[in-house]
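Take a look at the structure set out below.
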Amino acid sequence: MAYAAPSAGAPLQPTTIPRRPLGPNDVAIDIRYCGVCHSDVHQVNGDWGRELFPMVPGHEIAGVVTEIGPEVTRHAVGDRVGVGVIVNSCRSCDKCADGMEQYCADSVETYSDVDSYQGGERTRGGYSTHIVADEHFVLRIPDALPLEQAAPLLCAGITTYSPLKHWQAGPGRKVAVVGLGGLGHLAVKIAHAMGAEVTVLSRSLRKKDDGLRLGAAHYHATEDPATFEQLAGTFDLILCTVSGLSDVDSHLTLLANGGTMVCLGITEESMEVSVFSLLQGRTSLAGSQIGGMAETQEMLDFCAEHGIGAEVEVIDAAQINEAFERVVAGDVRYRFVIDTATMTAQR
Ligand code: NAP
Ligand code: ZN
Ligand code: ZN
C-alpha cells in the first residue's frame, strides 16, 4: 500500500506499488512511520521542475527489517532501521569515497528519481508500507529513540546536524536558527546539545515558549525591525530553514566577523545579495544538503545519547492531504509523521 500524487499539485491517493525483489545487498523494511518534510510538499506541487509522477513521496522513513539479502552484513531481521533522502550513489567518486554520498553527482533520491544502479527502476518513497533498499543507505535506529520521533531525523535531523558540525557549533559559539519548523526545531535541540548558545529567529513570538523549552537561550521576532538593530554582528553561525528568504542582506548583518550563514531552505527562485553584506565582516553565505551515510549514523547515535527526537504529531494516512495544507500554513508543531499501519487498515 502507498499514497501517491498522480500529477503535479494533485491530492495524494491510496494505491498499490511494486517493490523490487530482494537483491544480495538489499534489506526489506516494514515501514512503520514516515515524516512529512516540506520538501515533499514542494515536490508534489512540482515546484522544482524535475519531478516524476505519479509520485510516492517520503524520505523520513523508520521501520523494522523483515528480510535481508545473502550478502548483507550491517543489518539483521528485526533491526530498527531508517532510510533518508538518498538510496544510492556511485560509490567510487571522491565525494562517495569521503563519505559525502549526498554530493555525488550520480546519487539517487529515495523518491521521484530513476535508479540507474537498479536497472532504471523508478524510486518511490516512504508514504508506503514497505521498501527495499541497499544496506549502505539503511541506518540503524538506536533503541533509545522511539521510531516515530526518529523518522524526521533521517532528513530534518541530518540536514541540521551536518552544517552545525561542519561550522563547529559548540561551547562559546553563538548560533541562530531562522524559522522554527521541522528543520528549525531539531536545529535548536541539536545545537543546544552541542553546547552552543542558541537564538531562534522566528517571524513572530507565537512559538517563543516552545523555542525556549527546546533549548534556545534567546528568541526574537524577525517581523520586528528592532531585532535586526539589536542583534547586529552577533552570530558565528546562522542556519536558515526558510524557503525563499526575501531579505538575505538584513540577515547577513546579524553575523559576527567571519561568521557564516547557511541556507537550508530550498526555492527555485534566485536570491538577491549585496556584496557589501559579505565584505563588511568577511562573512560567508553557504548552502548545505542533508549529510553522508556515516554522518547520518553519527547523528542518530548523537540524538539517542542526548535524548533528542522530533516533536511529532502522528497522523493517519487519510490525513495526508490536510497535513500538507497545514505544513504550508505553518500550522504544525513540529513534524507530521504518518502511521503507515493506517494504510493497511484501509485495504
Ligand atoms: P517547515 O516545517 O514548513 O518549516 C519552515 C519554517 O519557515 C516555518 O516553520 C516558518 O517558521 C518559516 N517560514 C518563514 N516564512 C514562511 C512562510 N511564508 N510560510 C511558511 N513558513 C515560513 O519546513 P521544513 O520541513 O523545516 O523545511 C524547510 C525548508 O528546508 C524547505 O524549503 C525544505 O524543502 C528545505 N529542506 C532542505 C534540505 C536540505 O538538504 N538543504 C532538507 C530538508 C528540507 P517561523 O514560523 O518560525 O517563522
Ligand atoms: Zn526532507
Ligand atoms: Zn559518487
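Letters A, B, ... go to the chains of the C-alpha cells in the order shown; residues in each chain start at 1; ligands are counted from 1 in the same order.
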Name each residue within 12 Å of ligand 2, counting only C-alpha atoms and all ligand atoms, as an mmCIF file with all heavy atoms, in the first residue's frame.
data_model
loop_
_atom_site.group_PDB
_atom_site.id
_atom_site.type_symbol
_atom_site.label_atom_id
_atom_site.label_comp_id
_atom_site.auth_asym_id
_atom_site.auth_seq_id
_atom_site.Cartn_x
_atom_site.Cartn_y
_atom_site.Cartn_z
ATOM 1 N N CYS A 34 6.527 7.513 8.621
ATOM 2 C CA CYS A 34 7.248 8.349 7.657
ATOM 3 C C CYS A 34 6.908 9.809 7.926
ATOM 4 O O CYS A 34 5.726 10.176 8.005
ATOM 5 C CB CYS A 34 6.896 7.976 6.221
ATOM 6 S SG CYS A 34 7.882 8.909 5.023
ATOM 7 N N GLY A 35 7.936 10.635 8.078
ATOM 8 C CA GLY A 35 7.737 12.061 8.327
ATOM 9 C C GLY A 35 7.274 12.784 7.068
ATOM 10 O O GLY A 35 7.528 12.341 5.949
ATOM 11 N N VAL A 36 6.579 13.906 7.286
ATOM 12 C CA VAL A 36 6.145 14.773 6.174
ATOM 13 C C VAL A 36 7.068 15.986 6.162
ATOM 14 O O VAL A 36 6.936 16.892 6.986
ATOM 15 C CB VAL A 36 4.671 15.209 6.348
ATOM 16 C CG1 VAL A 36 4.267 16.188 5.245
ATOM 17 C CG2 VAL A 36 3.747 13.987 6.368
ATOM 18 N N CYS A 37 8.037 15.962 5.234
ATOM 19 C CA CYS A 37 9.007 17.049 5.102
ATOM 20 C C CYS A 37 8.425 18.114 4.167
ATOM 21 O O CYS A 37 7.667 17.789 3.255
ATOM 22 C CB CYS A 37 10.300 16.484 4.516
ATOM 23 S SG CYS A 37 11.589 17.699 4.216
ATOM 24 N N HIS A 38 8.814 19.374 4.386
ATOM 25 C CA HIS A 38 8.311 20.417 3.474
ATOM 26 C C HIS A 38 8.770 20.153 2.037
ATOM 27 O O HIS A 38 8.100 20.550 1.078
ATOM 28 C CB HIS A 38 8.751 21.813 3.942
ATOM 29 C CG HIS A 38 7.805 22.896 3.504
ATOM 30 N ND1 HIS A 38 7.256 23.816 4.355
ATOM 31 C CD2 HIS A 38 7.307 23.193 2.277
ATOM 32 C CE1 HIS A 38 6.454 24.635 3.677
ATOM 33 N NE2 HIS A 38 6.477 24.275 2.417
ATOM 34 N N SER A 39 9.886 19.436 1.872
ATOM 35 C CA SER A 39 10.341 19.079 0.517
ATOM 36 C C SER A 39 9.319 18.176 -0.175
ATOM 37 O O SER A 39 9.190 18.214 -1.406
ATOM 38 C CB SER A 39 11.694 18.366 0.576
ATOM 39 O OG SER A 39 12.678 19.214 1.100
ATOM 40 N N ASP A 40 8.603 17.348 0.583
ATOM 41 C CA ASP A 40 7.551 16.501 -0.020
ATOM 42 C C ASP A 40 6.476 17.396 -0.636
ATOM 43 O O ASP A 40 5.978 17.130 -1.735
ATOM 44 C CB ASP A 40 6.894 15.588 1.029
ATOM 45 C CG ASP A 40 7.883 14.647 1.714
ATOM 46 O OD1 ASP A 40 8.994 14.472 1.184
ATOM 47 O OD2 ASP A 40 7.531 14.107 2.788
ATOM 48 N N VAL A 41 6.118 18.444 0.096
ATOM 49 C CA VAL A 41 5.082 19.367 -0.386
ATOM 50 C C VAL A 41 5.580 20.080 -1.654
ATOM 51 O O VAL A 41 4.878 20.144 -2.666
ATOM 52 C CB VAL A 41 4.717 20.392 0.717
ATOM 53 C CG1 VAL A 41 3.659 21.365 0.211
ATOM 54 C CG2 VAL A 41 4.258 19.681 1.983
ATOM 55 N N HIS A 42 6.825 20.585 -1.603
ATOM 56 C CA HIS A 42 7.408 21.245 -2.786
ATOM 57 C C HIS A 42 7.338 20.306 -3.993
ATOM 58 O O HIS A 42 6.962 20.700 -5.088
ATOM 59 C CB HIS A 42 8.902 21.544 -2.573
ATOM 60 C CG HIS A 42 9.215 22.689 -1.640
ATOM 61 N ND1 HIS A 42 8.667 23.937 -1.773
ATOM 62 C CD2 HIS A 42 10.084 22.778 -0.592
ATOM 63 C CE1 HIS A 42 9.179 24.745 -0.833
ATOM 64 N NE2 HIS A 42 10.026 24.051 -0.103
ATOM 65 N N GLN A 43 7.743 19.056 -3.789
ATOM 66 C CA GLN A 43 7.885 18.147 -4.938
ATOM 67 C C GLN A 43 6.531 17.656 -5.449
ATOM 68 O O GLN A 43 6.334 17.524 -6.655
ATOM 69 C CB GLN A 43 8.817 16.990 -4.582
ATOM 70 C CG GLN A 43 10.239 17.517 -4.409
ATOM 71 C CD GLN A 43 11.261 16.426 -4.180
ATOM 72 O OE1 GLN A 43 11.766 15.820 -5.115
ATOM 73 N NE2 GLN A 43 11.554 16.159 -2.923
ATOM 74 N N PRO A 57 5.766 10.181 -2.247
ATOM 75 C CA PRO A 57 6.795 10.940 -1.526
ATOM 76 C C PRO A 57 7.238 10.202 -0.255
ATOM 77 O O PRO A 57 6.760 9.106 0.030
ATOM 78 C CB PRO A 57 6.084 12.248 -1.159
ATOM 79 C CG PRO A 57 4.689 12.140 -1.670
ATOM 80 C CD PRO A 57 4.426 10.721 -2.033
ATOM 81 N N GLY A 58 8.116 10.867 0.487
ATOM 82 C CA GLY A 58 8.510 10.340 1.796
ATOM 83 C C GLY A 58 9.965 9.932 1.871
ATOM 84 O O GLY A 58 10.366 8.938 1.266
ATOM 85 N N HIS A 59 10.765 10.711 2.639
ATOM 86 C CA HIS A 59 12.174 10.349 2.805
ATOM 87 C C HIS A 59 12.608 10.499 4.268
ATOM 88 O O HIS A 59 13.758 10.808 4.550
ATOM 89 C CB HIS A 59 13.067 11.122 1.830
ATOM 90 C CG HIS A 59 12.981 12.616 1.927
ATOM 91 N ND1 HIS A 59 13.242 13.441 0.866
ATOM 92 C CD2 HIS A 59 12.686 13.436 2.962
ATOM 93 C CE1 HIS A 59 13.119 14.703 1.234
ATOM 94 N NE2 HIS A 59 12.786 14.721 2.522
ATOM 95 N N GLU A 60 11.633 10.318 5.157
ATOM 96 C CA GLU A 60 11.948 10.265 6.597
ATOM 97 C C GLU A 60 11.326 8.963 7.110
ATOM 98 O O GLU A 60 10.294 8.955 7.754
ATOM 99 C CB GLU A 60 11.360 11.474 7.313
ATOM 100 C CG GLU A 60 12.041 12.774 6.906
ATOM 101 C CD GLU A 60 11.587 14.007 7.691
ATOM 102 O OE1 GLU A 60 10.485 13.975 8.286
ATOM 103 O OE2 GLU A 60 12.329 15.000 7.721
ATOM 104 N N ILE A 61 11.989 7.860 6.764
ATOM 105 C CA ILE A 61 11.403 6.528 6.915
ATOM 106 C C ILE A 61 11.986 5.810 8.142
ATOM 107 O O ILE A 61 13.209 5.759 8.307
ATOM 108 C CB ILE A 61 11.709 5.697 5.646
ATOM 109 C CG1 ILE A 61 11.063 6.369 4.415
ATOM 110 C CG2 ILE A 61 11.261 4.251 5.811
ATOM 111 C CD1 ILE A 61 11.521 5.799 3.078
ATOM 112 N N VAL A 83 15.568 5.011 6.566
ATOM 113 C CA VAL A 83 16.048 5.394 5.241
ATOM 114 C C VAL A 83 15.753 6.881 5.089
ATOM 115 O O VAL A 83 14.684 7.348 5.490
ATOM 116 C CB VAL A 83 15.332 4.593 4.122
ATOM 117 C CG1 VAL A 83 15.764 5.079 2.738
ATOM 118 C CG2 VAL A 83 15.598 3.096 4.265
ATOM 119 N N GLY A 84 16.722 7.613 4.539
ATOM 120 C CA GLY A 84 16.565 9.054 4.398
ATOM 121 C C GLY A 84 16.361 9.479 2.954
ATOM 122 O O GLY A 84 15.605 8.854 2.214
ATOM 123 N N VAL A 85 17.087 10.519 2.556
ATOM 124 C CA VAL A 85 16.788 11.205 1.287
ATOM 125 C C VAL A 85 17.393 10.517 0.071
ATOM 126 O O VAL A 85 16.914 10.664 -1.040
ATOM 127 C CB VAL A 85 17.262 12.680 1.377
ATOM 128 C CG1 VAL A 85 17.026 13.433 0.088
ATOM 129 C CG2 VAL A 85 16.542 13.382 2.531
ATOM 130 N N ILE A 86 18.489 9.744 0.270
ATOM 131 C CA ILE A 86 19.058 9.055 -0.897
ATOM 132 C C ILE A 86 19.134 7.544 -0.676
ATOM 133 O O ILE A 86 19.278 7.071 0.458
ATOM 134 C CB ILE A 86 20.445 9.611 -1.307
ATOM 135 C CG1 ILE A 86 21.467 9.507 -0.174
ATOM 136 C CG2 ILE A 86 20.339 11.043 -1.792
ATOM 137 C CD1 ILE A 86 22.887 9.866 -0.615
ATOM 138 N N GLU A 109 17.784 9.758 -5.458
ATOM 139 C CA GLU A 109 16.879 10.135 -4.362
ATOM 140 C C GLU A 109 15.868 9.031 -4.084
ATOM 141 O O GLU A 109 15.522 8.246 -4.965
ATOM 142 C CB GLU A 109 16.183 11.457 -4.691
ATOM 143 C CG GLU A 109 17.210 12.559 -4.799
ATOM 144 C CD GLU A 109 16.651 13.951 -4.615
ATOM 145 O OE1 GLU A 109 15.459 14.092 -4.271
ATOM 146 O OE2 GLU A 109 17.426 14.898 -4.800
ATOM 147 N N THR A 110 15.401 9.023 -2.849
ATOM 148 C CA THR A 110 14.508 7.965 -2.364
ATOM 149 C C THR A 110 13.180 7.926 -3.116
ATOM 150 O O THR A 110 12.532 6.896 -3.192
ATOM 151 C CB THR A 110 14.306 8.169 -0.845
ATOM 152 O OG1 THR A 110 15.602 8.137 -0.246
ATOM 153 C CG2 THR A 110 13.422 7.126 -0.222
ATOM 154 N N TYR A 111 12.778 9.085 -3.650
ATOM 155 C CA TYR A 111 11.568 9.079 -4.489
ATOM 156 C C TYR A 111 11.710 10.088 -5.608
ATOM 157 O O TYR A 111 12.577 10.969 -5.560
ATOM 158 C CB TYR A 111 10.310 9.341 -3.656
ATOM 159 C CG TYR A 111 10.183 10.726 -3.041
ATOM 160 C CD1 TYR A 111 9.622 11.784 -3.760
ATOM 161 C CD2 TYR A 111 10.595 10.975 -1.748
ATOM 162 C CE1 TYR A 111 9.484 13.046 -3.193
ATOM 163 C CE2 TYR A 111 10.460 12.236 -1.174
ATOM 164 C CZ TYR A 111 9.906 13.269 -1.906
ATOM 165 O OH TYR A 111 9.767 14.516 -1.354
ATOM 166 N N GLY A 125 8.864 6.582 -2.461
ATOM 167 C CA GLY A 125 9.274 6.858 -1.088
ATOM 168 C C GLY A 125 8.468 6.196 0.000
ATOM 169 O O GLY A 125 7.782 5.186 -0.204
ATOM 170 N N GLY A 126 8.539 6.802 1.163
ATOM 171 C CA GLY A 126 8.086 6.172 2.402
ATOM 172 C C GLY A 126 6.629 6.355 2.765
ATOM 173 O O GLY A 126 6.211 5.890 3.828
ATOM 174 N N ALA A 151 11.952 9.064 12.881
ATOM 175 C CA ALA A 151 11.747 9.207 11.431
ATOM 176 C C ALA A 151 12.207 10.580 10.910
ATOM 177 O O ALA A 151 13.007 10.651 9.964
ATOM 178 C CB ALA A 151 10.283 8.928 11.081
ATOM 179 N N PRO A 152 11.767 11.692 11.525
ATOM 180 C CA PRO A 152 12.172 13.007 10.996
ATOM 181 C C PRO A 152 13.679 13.283 11.088
ATOM 182 O O PRO A 152 14.179 14.182 10.420
ATOM 183 C CB PRO A 152 11.381 14.000 11.864
ATOM 184 C CG PRO A 152 10.209 13.214 12.356
ATOM 185 C CD PRO A 152 10.756 11.835 12.588
ATOM 186 N N LEU A 153 14.383 12.516 11.894
ATOM 187 C CA LEU A 153 15.834 12.728 11.984
ATOM 188 C C LEU A 153 16.517 12.361 10.662
ATOM 189 O O LEU A 153 17.570 12.898 10.324
ATOM 190 C CB LEU A 153 16.438 11.895 13.122
ATOM 191 C CG LEU A 153 15.915 12.198 14.531
ATOM 192 C CD1 LEU A 153 16.549 11.235 15.538
ATOM 193 C CD2 LEU A 153 16.213 13.645 14.928
ATOM 194 N N LEU A 154 15.886 11.450 9.893
ATOM 195 C CA LEU A 154 16.507 10.963 8.658
ATOM 196 C C LEU A 154 16.627 12.042 7.583
ATOM 197 O O LEU A 154 17.422 11.924 6.672
ATOM 198 C CB LEU A 154 15.729 9.750 8.116
ATOM 199 C CG LEU A 154 16.077 8.360 8.685
ATOM 200 C CD1 LEU A 154 17.544 8.053 8.528
ATOM 201 C CD2 LEU A 154 15.654 8.166 10.106
ATOM 202 N N CYS A 155 15.793 13.098 7.672
ATOM 203 C CA CYS A 155 16.033 14.254 6.780
ATOM 204 C C CYS A 155 16.269 15.508 7.621
ATOM 205 O O CYS A 155 17.353 16.071 7.616
ATOM 206 C CB CYS A 155 14.900 14.473 5.780
ATOM 207 S SG CYS A 155 15.154 15.991 4.832
ATOM 208 N N ALA A 156 15.247 15.947 8.374
ATOM 209 C CA ALA A 156 15.382 17.209 9.116
ATOM 210 C C ALA A 156 16.560 17.156 10.098
ATOM 211 O O ALA A 156 17.284 18.149 10.263
ATOM 212 C CB ALA A 156 14.081 17.517 9.859
ATOM 213 N N GLY A 157 16.770 16.020 10.737
ATOM 214 C CA GLY A 157 17.841 15.895 11.724
ATOM 215 C C GLY A 157 19.211 16.017 11.088
ATOM 216 O O GLY A 157 20.040 16.838 11.500
ATOM 217 N N ILE A 158 19.459 15.233 10.048
ATOM 218 C CA ILE A 158 20.797 15.254 9.444
ATOM 219 C C ILE A 158 21.045 16.561 8.686
ATOM 220 O O ILE A 158 22.169 17.060 8.636
ATOM 221 C CB ILE A 158 21.036 14.012 8.535
ATOM 222 C CG1 ILE A 158 22.478 13.982 8.005
ATOM 223 C CG2 ILE A 158 20.053 13.929 7.387
ATOM 224 C CD1 ILE A 158 23.569 13.959 9.062
ATOM 225 N N THR A 159 19.988 17.155 8.138
ATOM 226 C CA THR A 159 20.158 18.419 7.398
ATOM 227 C C THR A 159 20.618 19.541 8.313
ATOM 228 O O THR A 159 21.299 20.478 7.878
ATOM 229 C CB THR A 159 18.831 18.798 6.698
ATOM 230 O OG1 THR A 159 18.507 17.758 5.785
ATOM 231 C CG2 THR A 159 18.926 20.115 5.953
ATOM 232 N N THR A 160 20.292 19.456 9.584
ATOM 233 C CA THR A 160 20.737 20.498 10.514
ATOM 234 C C THR A 160 22.014 20.063 11.256
ATOM 235 O O THR A 160 22.897 20.877 11.499
ATOM 236 C CB THR A 160 19.607 20.841 11.514
ATOM 237 O OG1 THR A 160 19.096 19.639 12.100
ATOM 238 C CG2 THR A 160 18.462 21.535 10.799
ATOM 239 N N GLY A 182 10.014 22.127 11.028
ATOM 240 C CA GLY A 182 10.564 20.770 11.128
ATOM 241 C C GLY A 182 12.070 20.773 11.272
ATOM 242 O O GLY A 182 12.637 20.183 12.201
ATOM 243 N N LEU A 183 12.757 21.446 10.354
ATOM 244 C CA LEU A 183 14.219 21.530 10.446
ATOM 245 C C LEU A 183 14.622 22.376 11.654
ATOM 246 O O LEU A 183 15.512 22.009 12.431
ATOM 247 C CB LEU A 183 14.799 22.190 9.177
ATOM 248 C CG LEU A 183 15.274 21.272 8.045
ATOM 249 C CD1 LEU A 183 14.167 20.358 7.552
ATOM 250 C CD2 LEU A 183 15.833 22.075 6.878
ATOM 251 N N THR A 241 16.347 28.033 7.688
ATOM 252 C CA THR A 241 15.497 26.913 7.255
ATOM 253 C C THR A 241 14.271 27.391 6.470
ATOM 254 O O THR A 241 13.392 26.595 6.158
ATOM 255 C CB THR A 241 15.020 26.080 8.471
ATOM 256 O OG1 THR A 241 14.008 26.819 9.178
ATOM 257 C CG2 THR A 241 16.154 25.749 9.420
ATOM 258 N N LEU A 264 19.483 26.424 4.111
ATOM 259 C CA LEU A 264 18.983 25.048 4.062
ATOM 260 C C LEU A 264 17.635 24.997 3.333
ATOM 261 O O LEU A 264 17.320 24.028 2.659
ATOM 262 C CB LEU A 264 18.834 24.480 5.482
ATOM 263 C CG LEU A 264 20.118 24.469 6.314
ATOM 264 C CD1 LEU A 264 19.835 24.003 7.729
ATOM 265 C CD2 LEU A 264 21.178 23.584 5.670
ATOM 266 N N GLY A 265 16.833 26.045 3.499
ATOM 267 C CA GLY A 265 15.536 26.121 2.817
ATOM 268 C C GLY A 265 15.742 26.187 1.316
ATOM 269 O O GLY A 265 16.703 26.794 0.841
ATOM 270 N N ILE A 266 14.857 25.535 0.587
ATOM 271 C CA ILE A 266 15.038 25.411 -0.865
ATOM 272 C C ILE A 266 13.971 26.214 -1.609
ATOM 273 O O ILE A 266 12.797 26.181 -1.250
ATOM 274 C CB ILE A 266 14.947 23.931 -1.293
ATOM 275 C CG1 ILE A 266 15.994 23.098 -0.541
ATOM 276 C CG2 ILE A 266 15.148 23.793 -2.803
ATOM 277 C CD1 ILE A 266 15.929 21.618 -0.823
ATOM 278 N N GLN A 289 23.403 20.354 2.177
ATOM 279 C CA GLN A 289 22.363 19.410 1.786
ATOM 280 C C GLN A 289 22.505 18.114 2.577
ATOM 281 O O GLN A 289 23.581 17.506 2.569
ATOM 282 C CB GLN A 289 22.525 19.140 0.289
ATOM 283 C CG GLN A 289 21.491 18.228 -0.302
ATOM 284 C CD GLN A 289 21.687 18.128 -1.798
ATOM 285 O OE1 GLN A 289 21.242 18.972 -2.555
ATOM 286 N NE2 GLN A 289 22.395 17.103 -2.222
ATOM 287 N N ILE A 290 21.483 17.727 3.250
ATOM 288 C CA ILE A 290 21.423 16.528 4.123
ATOM 289 C C ILE A 290 22.797 16.174 4.690
ATOM 290 O O ILE A 290 23.498 17.046 5.217
ATOM 291 C CB ILE A 290 20.685 15.345 3.448
ATOM 292 C CG1 ILE A 290 21.176 15.074 2.025
ATOM 293 C CG2 ILE A 290 19.197 15.583 3.498
ATOM 294 C CD1 ILE A 290 20.662 13.776 1.399
ATOM 295 N N GLY A 291 23.233 14.908 4.589
ATOM 296 C CA GLY A 291 24.533 14.511 5.116
ATOM 297 C C GLY A 291 24.868 13.139 4.545
ATOM 298 O O GLY A 291 24.002 12.491 3.932
ATOM 299 N N ARG A 335 6.493 18.310 13.434
ATOM 300 C CA ARG A 335 6.572 17.445 12.267
ATOM 301 C C ARG A 335 5.390 16.496 12.254
ATOM 302 O O ARG A 335 5.119 15.821 13.268
ATOM 303 C CB ARG A 335 7.862 16.610 12.349
ATOM 304 C CG ARG A 335 8.403 16.048 11.071
ATOM 305 C CD ARG A 335 8.583 17.022 9.978
ATOM 306 N NE ARG A 335 9.793 16.883 9.203
ATOM 307 C CZ ARG A 335 10.182 17.828 8.339
ATOM 308 N NH1 ARG A 335 9.483 18.930 8.164
ATOM 309 N NH2 ARG A 335 11.277 17.654 7.648
#
A:Asp26: which residues within 6 Å, counting only C-alpha atoms, same-chain residues fewer than 2 positions away excluded, as a list in words?
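Counting only the stated atoms, we get Leu22, Gly23, Pro24, Gly69, Ala133, Asp134 and Glu135 of chain A.
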Selected residues written out, N, CA and C atoms, as a PDB file, in the first residue's frame:
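Full text of again-v9.pdb as output:
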ATOM      1  N   LEU A  22      14.284  -8.838  -3.559  1.00  0.00           N
ATOM      2  CA  LEU A  22      15.460  -8.604  -2.723  1.00  0.00           C
ATOM      3  C   LEU A  22      16.754  -8.988  -3.447  1.00  0.00           C
ATOM      4  N   GLY A  23      17.659  -8.023  -3.641  1.00  0.00           N
ATOM      5  CA  GLY A  23      18.969  -8.330  -4.225  1.00  0.00           C
ATOM      6  C   GLY A  23      19.936  -8.750  -3.130  1.00  0.00           C
ATOM      7  N   PRO A  24      21.151  -9.187  -3.510  1.00  0.00           N
ATOM      8  CA  PRO A  24      22.097  -9.697  -2.499  1.00  0.00           C
ATOM      9  C   PRO A  24      22.437  -8.698  -1.402  1.00  0.00           C
ATOM     10  N   GLY A  69      19.202  -9.674   2.143  1.00  0.00           N
ATOM     11  CA  GLY A  69      19.857 -10.406   1.063  1.00  0.00           C
ATOM     12  C   GLY A  69      21.059 -11.172   1.602  1.00  0.00           C
ATOM     13  N   ALA A 133      15.812  -1.527   0.109  1.00  0.00           N
ATOM     14  CA  ALA A 133      16.907  -0.580  -0.117  1.00  0.00           C
ATOM     15  C   ALA A 133      18.250  -1.266   0.101  1.00  0.00           C
ATOM     16  N   ASP A 134      19.262  -0.769  -0.603  1.00  0.00           N
ATOM     17  CA  ASP A 134      20.624  -1.274  -0.426  1.00  0.00           C
ATOM     18  C   ASP A 134      21.090  -0.976   1.002  1.00  0.00           C
ATOM     19  N   GLU A 135      21.734  -1.941   1.621  1.00  0.00           N
ATOM     20  CA  GLU A 135      22.085  -1.795   3.045  1.00  0.00           C
ATOM     21  C   GLU A 135      22.961  -0.571   3.338  1.00  0.00           C
TER      22      GLU A 135
END
Would you please give, as a list in words, all residues of stretch 49-115 of chain A that DSSP assigns to helix (DSSP H, G or I) based on the backbone?
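Matching residues for helix (DSSP H, G or I) in stretch 49-115 of chain A are Asp94, Lys95, Cys96, Ala97, Glu101, Gln102 and Tyr103 of chain A.
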Could you jot down the atom CA of A:Cys263 to atom CA of A:Glu51 separation for me, Å, one decimal place?
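One can read the atom CA of A:Cys263 to atom CA of A:Glu51 distance as 22.0 Å.
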To check your reading of the model: which residues sit at most 10 Å from ligand 3 when counting only C-alpha atoms and all ligand atoms? Write the answer as a list in words.
Asn88, Ser89, Cys90, Arg91, Ser92, Cys93, Asp94, Lys95, Cys96, Ala97, Asp98, Gly99, Met100, Glu101, Gln102, Tyr103, Cys104, Ala105, Asp106 and Ser107 of chain A
Report the distance between atom CA of A:Tyr219 and atom 24 (P, counted along the ligand's line) of ligand 1 in Å, rounded to one decimal place.
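Taking atom CA of A:Tyr219 as the start and atom 24 (P, counted along the ligand's line) of ligand 1 as the end point, the length is 18.8 Å.
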Distance in Å - atom CA of A:Ala329 versus atom 5 (C, counted along the ligand's line) of ligand 1:
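Atom-to-atom, atom CA of A:Ala329 and atom 5 (C, counted along the ligand's line) of ligand 1 are spaced 9.6 Å apart.
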If DSSP is run on the backbone, what residues of stretch 96-233 of chain A are strand (DSSP E)? A reply as a list in words would be ideal.
Val108, Glu109, Val114, Asp115, Glu121, Arg122, His130, Ile131, Val132, Ala133, Asp134, Val138, Leu139, Arg140, Lys174, Val175, Ala176, Val177, Val178, Glu197, Val198, Thr199, Val200, Leu201, Ser202, His218, Tyr219, His220 and Ala221 of chain A
If you count only C-alpha atoms, which residues fall within 12 Å of A:Arg206, apart from same-chain ones fewer than 4 positions away, as a list of chain:residue names?
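Using only C-alpha atoms, the neighbours found are A:Gly179, A:Leu180, A:Val200, A:Leu201, A:Ser202, A:Asp210, A:Gly211, A:Leu212, A:Tyr219, A:His220, A:Ala221, A:Thr222, A:Glu223, A:Gly330, A:Asp331, A:Arg333.
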How would the residues just picked look written out with C-alpha atoms as a compact mmCIF listing (two decimals), in the first residue's frame?
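File produced: result19.txt:
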# COMPACT_ATOMS: atom_id res chain seq x y z
CA GLY A 179 12.39 29.51 11.10
CA LEU A 180 11.07 27.23 13.83
CA VAL A 200 15.60 31.41 17.45
CA LEU A 201 14.66 33.97 14.80
CA SER A 202 11.02 33.32 14.02
CA ASP A 210 8.42 26.16 22.65
CA GLY A 211 11.70 27.61 21.40
CA LEU A 212 13.00 28.18 24.93
CA TYR A 219 14.04 34.18 20.92
CA HIS A 220 13.33 37.13 18.63
CA ALA A 221 10.74 38.05 16.02
CA THR A 222 12.04 38.92 12.55
CA GLU A 223 8.85 40.89 11.82
CA GLY A 330 2.98 26.79 9.18
CA ASP A 331 0.42 25.02 11.41
CA ARG A 333 4.43 21.62 15.95
Here is a test: counting only C-alpha atoms, which residue of A:Ala28, A:Ile308, A:Ile17, A:Ile320 is nearest to A:His75?
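Using only C-alpha atoms, A:His75 sits closest to A:Ala28.
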So, counting only C-alpha atoms and all ligand atoms, which residue among A:Pro21, A:Gly307, A:Gly181, A:Gly9 is closest to ligand 1?
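Ranked by minimum distance to ligand 1, first place goes to A:Gly181.
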Excluding same-chain residues fewer than 3 positions from A:Asp30, what lies within 12 Å of it counting only C-alpha atoms, as a ChimeraX atom specification?
/A:1,19,27,33-34,61-68,77-83,126-133,339-341,344
Between A:Ser204, A:Gln297, A:Ser112, A:Gln230, which is the closest to ligand 1 once you count only C-alpha atoms and all ligand atoms?
A:Ser204
Top pick for closest residue to A:His251, considering A:Ala150, A:Met194, A:Val114, A:Ala176 and counting only C-alpha atoms
A:Ala176
